[in-house]
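Asks: TSV, C-alpha atoms, saved as coords.tsv, coming up:
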```
chain	number	residue	atom	x	y	z
A	1	MET	CA	22.71	8.92	35.45
A	2	LYS	CA	24.16	6.88	32.56
A	3	ASN	CA	20.69	5.55	31.67
A	4	LYS	CA	19.30	9.08	31.51
A	5	LEU	CA	22.12	10.22	29.22
A	6	GLY	CA	21.63	7.17	27.01
A	7	CYS	CA	17.89	7.80	26.72
A	8	ILE	CA	18.44	11.48	25.98
A	9	GLY	CA	21.01	10.57	23.32
A	10	VAL	CA	18.61	8.14	21.64
A	11	ILE	CA	15.80	10.70	21.70
A	12	LEU	CA	18.05	13.37	20.17
A	13	LEU	CA	19.18	10.95	17.47
A	14	ILE	CA	15.57	10.14	16.58
A	15	ILE	CA	14.68	13.85	16.43
A	16	VAL	CA	17.63	14.58	14.12
A	17	MET	CA	16.66	11.69	11.84
A	18	LEU	CA	13.04	12.87	11.65
A	19	VAL	CA	14.08	16.44	10.85
A	20	ARG	CA	16.38	15.23	8.06
A	21	CYS	CA	13.69	12.98	6.61
A	22	ASN	CA	11.13	15.77	6.61
A	23	SER	CA	13.51	18.14	4.82
A	24	CYS	CA	13.51	15.88	1.74
A	25	THR	CA	10.54	16.10	-0.59
A	26	GLN	CA	9.15	13.01	-2.29
A	27	SER	CA	10.42	14.23	-5.68
A	28	ASP	CA	13.96	14.53	-4.24
A	29	ILE	CA	13.77	10.96	-3.01
A	30	ASP	CA	12.34	9.71	-6.32
A	31	SER	CA	15.04	11.44	-8.38
A	32	LYS	CA	17.78	9.93	-6.21
A	33	LEU	CA	16.25	6.47	-6.61
A	34	HIS	CA	15.83	6.94	-10.38
A	35	LYS	CA	19.55	7.75	-10.69
A	36	GLU	CA	20.22	4.36	-9.10
A	37	GLY	CA	17.78	2.65	-11.46
A	38	ILE	CA	15.15	2.09	-8.77
A	39	TYR	CA	11.52	2.91	-9.55
A	40	LYS	CA	8.33	2.53	-7.53
A	41	VAL	CA	5.94	-0.26	-8.49
A	42	GLU	CA	2.22	-0.24	-7.67
A	43	ILE	CA	0.77	-3.75	-7.88
A	44	ILE	CA	-2.94	-3.63	-8.71
A	45	LYS	CA	-3.84	-7.29	-9.30
A	46	VAL	CA	-2.25	-10.68	-8.58
A	47	GLN	CA	-3.35	-13.89	-10.30
A	48	SER	CA	-2.07	-17.45	-10.51
A	49	LYS	CA	-2.26	-19.36	-13.78
A	50	ASP	CA	-0.71	-22.79	-14.38
A	51	GLY	CA	1.61	-22.31	-11.38
A	52	ASP	CA	2.85	-18.88	-12.55
A	53	PHE	CA	2.04	-15.57	-10.91
A	54	ILE	CA	0.66	-12.81	-13.12
A	55	LEU	CA	1.06	-9.31	-11.67
A	56	LYS	CA	-0.63	-6.23	-13.07
A	57	GLY	CA	0.40	-2.77	-12.00
A	58	LYS	CA	1.99	0.58	-12.75
A	59	THR	CA	5.53	1.97	-12.71
A	60	ASP	CA	7.49	4.96	-13.98
A	61	ALA	CA	10.34	2.71	-15.11
A	62	PRO	CA	11.41	3.17	-18.75
A	63	ASP	CA	10.21	0.61	-21.31
A	64	GLY	CA	12.23	-2.60	-21.55
A	65	ASN	CA	13.30	-2.70	-17.89
A	66	LYS	CA	12.93	-5.78	-15.73
A	67	ILE	CA	10.68	-5.39	-12.71
A	68	LEU	CA	11.36	-6.78	-9.24
A	69	ALA	CA	8.42	-6.36	-6.89
```
Mind turning this structure into structure tokens?

Replies:
Amino acid sequence: MKNKLGCIGVILLIIVMLVRCNSCTQSDIDSKLHKEGIYKVEIIKVQSKDGDFILKGKTDAPDGNKILA
């Protein structure tokens, strides 16, 4: 009986989490992250030159920001 209640509780928790996640749009998530100073980074190309990594990509971060990918 306790195992059934535990499983039902876990399933309900997962359903609630999925419903909450689906209620947020991507732009809502992006605006919340931007307020925290977090921006998405899309890495297009990775190279190595003289022991250094050279990354090429895109971001919506304002000019002059440091990038952590």

Asks: Suppose you want the space between atom CA of A:Tyr39 and atom CA of A:Phe53; what is it in Å?

Replies: 20.8 Å

Asks: Please list as a list in words every residue within 10 Å of A:Leu68, counting only C-alpha atoms and excluding residues in the same chain fewer than 5 positions away.

Replies: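 What passes the distance filter is Ile38, Tyr39, Lys40 and Val41 of chain A.
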
Asks: Residues proximal to (1.0, 0.1, -12.9) were defined as those with any atom within 12 Å of that point in the file's coordinates, counting only C-alpha atoms. Which are they, as a PyMOL selection string?

Replies: chain A and resi 39-45+55-61+67+69

Asks: How big is the axis-aligned box, and where does its centre sit, when it encloses all atoms of stretch 61-64 of chain A listed in the file and has 3 Å added on every side, reported in Å to one decimal as AutoDock Vina command-line options?

Replies:
```
--center_x 11.2 --center_y 0.3 --center_z -18.3 --size_x 8.0 --size_y 11.8 --size_z 12.4
```

Asks: Please indicate the distance in Å from atom CA of A:Asn65 to atom CA of A:Glu36, rounded to one decimal place.

Replies: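 Computing the Euclidean distance for atom CA of A:Asn65 and atom CA of A:Glu36 yields 13.2 Å.
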
Asks: What does the distance from atom CA of A:Lys66 to atom CA of A:Lys35 come to in Å, to one decimal?

Replies: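 Here the two named atoms are 15.9 Å from each other.
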